[in-house]
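Structure first, then comments.
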Amino acid sequence: MCEFCHKHGEGKKWYLKAENYSEDLLSDLNRHKFITDFFSKLGEPAESTERPGRVNKMPRFVRSVLNPYLVGRQKKVHYGQVLPIEDVEKVFSFVSSVVRLPCICRHVRLGTEQRFCYGVSMAPQEGELYKIIRGIDMYYLTGPDVSGLEEVTKEEALDNFRQYEKEGLCHTVWTFMAPFIGGICNCDRSDCGAMQSTVVHNFPIMFRAEYVAELNTELCNGCRQCMRVCQFGAIGYSAANKKVFIDRGKCYGCGVCRASCTKDAIHLHDRASVPAVANVW
Ligand code: SF4
Ligand code: SF4
């Protein structure tokens with residue numbers, strides 16, 4: 001179990017605890033302000049995702065002091081975790097409404113509207129989080145004529161998530177001042193600032209999933225499709241065996257490789273049941 005499961009989930013998966021999506025948490029004025037600022041500064045490079053590149057250029061001793069402090073602060077405000085499709089389905093089983101919105105990272109990096117992010121709420125219609133966002137005077141998210149925030153059914157959202165996974169995108173869940181959870185995104189390494197920060201700059205902004213992938217070598221035919229879609233470089237190929245292998249130390253447990261395998265050769269196991277990576281987050 002990750003640190004958030006102990007801190008915000010009473011020893012169970014924190015993102016499956018309904019209270020962490022509740023409207024009650026939005027009555028906190030600090031959180032309200034944080035969310036307003038977060039979306040208001042959309043046109044600027046996100047501080048949390050640009051900072052790692054700058055910190056990486058500093059001397060090692062400065063980094064060794066700064067990194068734990070900055071990561072700790074990040075955990076309090078905006079932090080994520082990878083989750084596989086079966087846990088996305090569990091979240092969708094208890095939330096009441098789903099709103100699709102443009103991805104901030106892709107907007108900042110590509111300058112285009114790409115709708116890969118989904119807000120989830122316990123309120124029957126949109127909920128307070130989306131009232132806050134709609135209240136921010138910002139063309140990109142609020143109109144004027146188009147609906148920057150788009151209500152979708154849970155079934156539509158899940159169909160989209162399954163399709164994203166086939167395309168190699170990894171699902172991630174996000175806080176807006178922990179433990180409040182505001183949404184689930186679909187990320188790839190080329191465009192997601194948080195993923196780059198975590199994987200490329202070694203400045204974690206999200207936890208690995210509560211799972212890790214395992215390969216059944218008997219079933220693997222060595223086609224390497226899984227290797228092409230793994231965002232984390234966790235799959236290699238053995239020319240001698242003519243099969244792939246999974247480096248568990250690098251695996252984030254997203255399950256994207258599993259979705260690409262026509263031989264059903266990859267399964268996810270609870271990270272906690274694999275001692276070598278039980279505490280690797
Ligand atoms: S996609 Fe499946 S069969 Fe192909 S290399 Fe990967 S595990 Fe093996
Ligand atoms: S090997 Fe791990 S990180 Fe790579 S796609 Fe599979 S589950 Fe995700």
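Ligands are numbered from 1 in the order shown, residues from 1 within each chain, and chains are lettered A, B, ... in the order they appear in the structure tokens.
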Residue set, range 158-221 of chain A restricted to alpha helix (DSSP H), as a list in words: Leu158, Asp159, Asn160, Phe161, Arg162, Gln163, Tyr164, Glu165, Lys166, Gly193, Ala194 and Met195 of chain A
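Every protein, DNA or RNA residue with an atom at most 8 Å from range 33-36 of chain A, where only C-alpha atoms count and chain neighbours fewer than 3 positions away do not, is listed here: Leu29, Asn30, Phe39, Ser40, Ile132, Ile133, Ile136, Phe176 and Met177 of chain A.
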Identify, on the basis of only C-alpha atoms, every residue whose closest approach to range 226-237 of chain A does not exceed 8 Å; exclude the query and any residue fewer than 5 positions from it along the same chain; express the result as an NGL selection string. :A and (167-168 or 170 or 188-189 or 199 or 242-252 or 256-258 or 260-261)
Give the strand (DSSP E or B) residues of range 150-212 of chain A, as DSSP finds them on the backbone, and put them as a count of residues only. 20
May I have the residues within 10 Å of Ser190 in chain A as a PyMOL selection string, using only C-alpha atoms and disregarding those fewer than 5 positions away in the same chain? chain A and resi 106+109+195-196+231
Dump N, CA, C and O atoms for the selected residues as a compact mmCIF listing (two decimals), in the first residue's frame?
# COMPACT_ATOMS: atom_id res chain seq x y z
N ARG A 106 -1.41 19.05 -22.10
CA ARG A 106 -1.36 19.10 -23.57
C ARG A 106 -1.63 20.50 -24.07
O ARG A 106 -1.09 20.91 -25.10
N ARG A 109 1.73 22.28 -23.53
CA ARG A 109 2.83 21.81 -24.36
C ARG A 109 2.54 21.87 -25.85
O ARG A 109 3.41 22.15 -26.66
N MET A 195 4.19 13.01 -15.71
CA MET A 195 4.87 11.74 -16.02
C MET A 195 6.35 12.01 -16.34
O MET A 195 7.23 11.29 -15.90
N GLN A 196 6.60 13.08 -17.07
CA GLN A 196 7.99 13.43 -17.38
C GLN A 196 8.75 13.77 -16.11
O GLN A 196 9.89 13.36 -15.91
N GLN A 231 4.96 2.86 -21.36
CA GLN A 231 5.42 4.26 -21.24
C GLN A 231 6.64 4.39 -20.34
O GLN A 231 7.22 5.46 -20.23
For Leu129 in chain A, list every protein, DNA or RNA residue within 9 Å, evaluated using only C-alpha atoms, and leave out those in the same chain fewer than 4 positions away; present the list as a PDB file with all heavy atoms, in the first residue's frame.
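This is the output file part30.pdb:
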ATOM      1  N   GLU A  23     -18.121  16.458  -1.552  1.00  0.00           N
ATOM      2  CA  GLU A  23     -18.354  17.898  -1.640  1.00  0.00           C
ATOM      3  C   GLU A  23     -17.929  18.605  -0.349  1.00  0.00           C
ATOM      4  O   GLU A  23     -17.552  19.763  -0.375  1.00  0.00           O
ATOM      5  CB  GLU A  23     -19.847  18.158  -1.871  1.00  0.00           C
ATOM      6  CG  GLU A  23     -20.376  17.607  -3.177  1.00  0.00           C
ATOM      7  CD  GLU A  23     -19.978  18.478  -4.347  1.00  0.00           C
ATOM      8  OE1 GLU A  23     -20.568  19.554  -4.510  1.00  0.00           O
ATOM      9  OE2 GLU A  23     -19.080  18.080  -5.095  1.00  0.00           O
ATOM     10  N   LEU A  26     -14.746  20.371  -0.317  1.00  0.00           N
ATOM     11  CA  LEU A  26     -14.675  21.599  -1.116  1.00  0.00           C
ATOM     12  C   LEU A  26     -15.144  22.834  -0.353  1.00  0.00           C
ATOM     13  O   LEU A  26     -15.054  23.945  -0.857  1.00  0.00           O
ATOM     14  CB  LEU A  26     -15.490  21.430  -2.400  1.00  0.00           C
ATOM     15  CG  LEU A  26     -14.771  20.575  -3.446  1.00  0.00           C
ATOM     16  CD1 LEU A  26     -15.714  20.186  -4.549  1.00  0.00           C
ATOM     17  CD2 LEU A  26     -13.576  21.312  -4.004  1.00  0.00           C
ATOM     18  N   HIS A  32     -10.516  25.752  -2.160  1.00  0.00           N
ATOM     19  CA  HIS A  32     -11.251  26.511  -3.164  1.00  0.00           C
ATOM     20  C   HIS A  32     -10.285  27.443  -3.903  1.00  0.00           C
ATOM     21  O   HIS A  32     -10.253  27.509  -5.138  1.00  0.00           O
ATOM     22  CB  HIS A  32     -12.347  27.321  -2.429  1.00  0.00           C
ATOM     23  CG  HIS A  32     -13.443  27.801  -3.304  1.00  0.00           C
ATOM     24  ND1 HIS A  32     -13.230  28.718  -4.306  1.00  0.00           N
ATOM     25  CD2 HIS A  32     -14.764  27.517  -3.321  1.00  0.00           C
ATOM     26  CE1 HIS A  32     -14.384  28.976  -4.894  1.00  0.00           C
ATOM     27  NE2 HIS A  32     -15.331  28.260  -4.326  1.00  0.00           N
ATOM     28  N   ILE A  35      -7.743  25.554  -6.141  1.00  0.00           N
ATOM     29  CA  ILE A  35      -8.319  25.092  -7.411  1.00  0.00           C
ATOM     30  C   ILE A  35      -8.487  26.268  -8.373  1.00  0.00           C
ATOM     31  O   ILE A  35      -8.173  26.175  -9.567  1.00  0.00           O
ATOM     32  CB  ILE A  35      -9.676  24.387  -7.150  1.00  0.00           C
ATOM     33  CG1 ILE A  35      -9.433  23.095  -6.365  1.00  0.00           C
ATOM     34  CG2 ILE A  35     -10.399  24.095  -8.468  1.00  0.00           C
ATOM     35  CD1 ILE A  35     -10.685  22.458  -5.798  1.00  0.00           C
ATOM     36  N   GLY A 119     -13.233  14.798 -14.807  1.00  0.00           N
ATOM     37  CA  GLY A 119     -13.518  15.125 -13.426  1.00  0.00           C
ATOM     38  C   GLY A 119     -14.600  14.191 -12.922  1.00  0.00           C
ATOM     39  O   GLY A 119     -15.557  13.881 -13.638  1.00  0.00           O
ATOM     40  N   SER A 121     -17.261  13.277  -9.586  1.00  0.00           N
ATOM     41  CA  SER A 121     -17.865  13.962  -8.455  1.00  0.00           C
ATOM     42  C   SER A 121     -18.894  13.064  -7.782  1.00  0.00           C
ATOM     43  O   SER A 121     -19.538  12.237  -8.432  1.00  0.00           O
ATOM     44  CB  SER A 121     -18.528  15.244  -8.964  1.00  0.00           C
ATOM     45  OG  SER A 121     -19.322  15.796  -7.958  1.00  0.00           O
ATOM     46  N   ILE A 133     -14.812  25.815 -11.333  1.00  0.00           N
ATOM     47  CA  ILE A 133     -14.093  25.975 -12.610  1.00  0.00           C
ATOM     48  C   ILE A 133     -14.906  26.840 -13.575  1.00  0.00           C
ATOM     49  O   ILE A 133     -14.371  27.727 -14.237  1.00  0.00           O
ATOM     50  CB  ILE A 133     -13.774  24.601 -13.225  1.00  0.00           C
ATOM     51  CG1 ILE A 133     -12.818  23.832 -12.305  1.00  0.00           C
ATOM     52  CG2 ILE A 133     -13.143  24.761 -14.607  1.00  0.00           C
ATOM     53  CD1 ILE A 133     -12.562  22.406 -12.724  1.00  0.00           C
ATOM     54  N   ARG A 134     -16.223  26.593 -13.628  1.00  0.00           N
ATOM     55  CA  ARG A 134     -17.056  27.400 -14.530  1.00  0.00           C
ATOM     56  C   ARG A 134     -17.049  28.874 -14.115  1.00  0.00           C
ATOM     57  O   ARG A 134     -17.257  29.752 -14.932  1.00  0.00           O
ATOM     58  CB  ARG A 134     -18.495  26.879 -14.522  1.00  0.00           C
ATOM     59  CG  ARG A 134     -18.691  25.648 -15.386  1.00  0.00           C
ATOM     60  CD  ARG A 134     -20.185  25.418 -15.628  1.00  0.00           C
ATOM     61  NE  ARG A 134     -20.441  24.043 -16.026  1.00  0.00           N
ATOM     62  CZ  ARG A 134     -20.196  23.558 -17.228  1.00  0.00           C
ATOM     63  NH1 ARG A 134     -19.665  24.310 -18.148  1.00  0.00           N
ATOM     64  NH2 ARG A 134     -20.485  22.294 -17.507  1.00  0.00           N
ATOM     65  N   GLY A 182      -9.957  15.120  -7.522  1.00  0.00           N
ATOM     66  CA  GLY A 182     -10.758  15.876  -8.480  1.00  0.00           C
ATOM     67  C   GLY A 182     -10.923  15.205  -9.818  1.00  0.00           C
ATOM     68  O   GLY A 182     -11.849  15.533 -10.558  1.00  0.00           O
TER      69      GLY A 182
END
With only C-alpha atoms and all ligand atoms as the basis for distance, which of A:Glu89, A:Glu218, A:Glu151, A:Glu156 is at the shortest distance from ligand 1? A:Glu218
Here is a test: counting only C-alpha atoms and all ligand atoms, which residue of A:Gly72, A:Pro275, A:Gly127, A:Gly222 is nearest to ligand 1? A:Gly222
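Going from atom 6 (Fe, counted along the ligand's line) of ligand 2 over to CA of Cys254 in chain A, you cover 6.0 Å.
Atom 4 (Fe, counted along the ligand's line) of ligand 1 lies 7.7 Å from CA of Ala265 in chain A.
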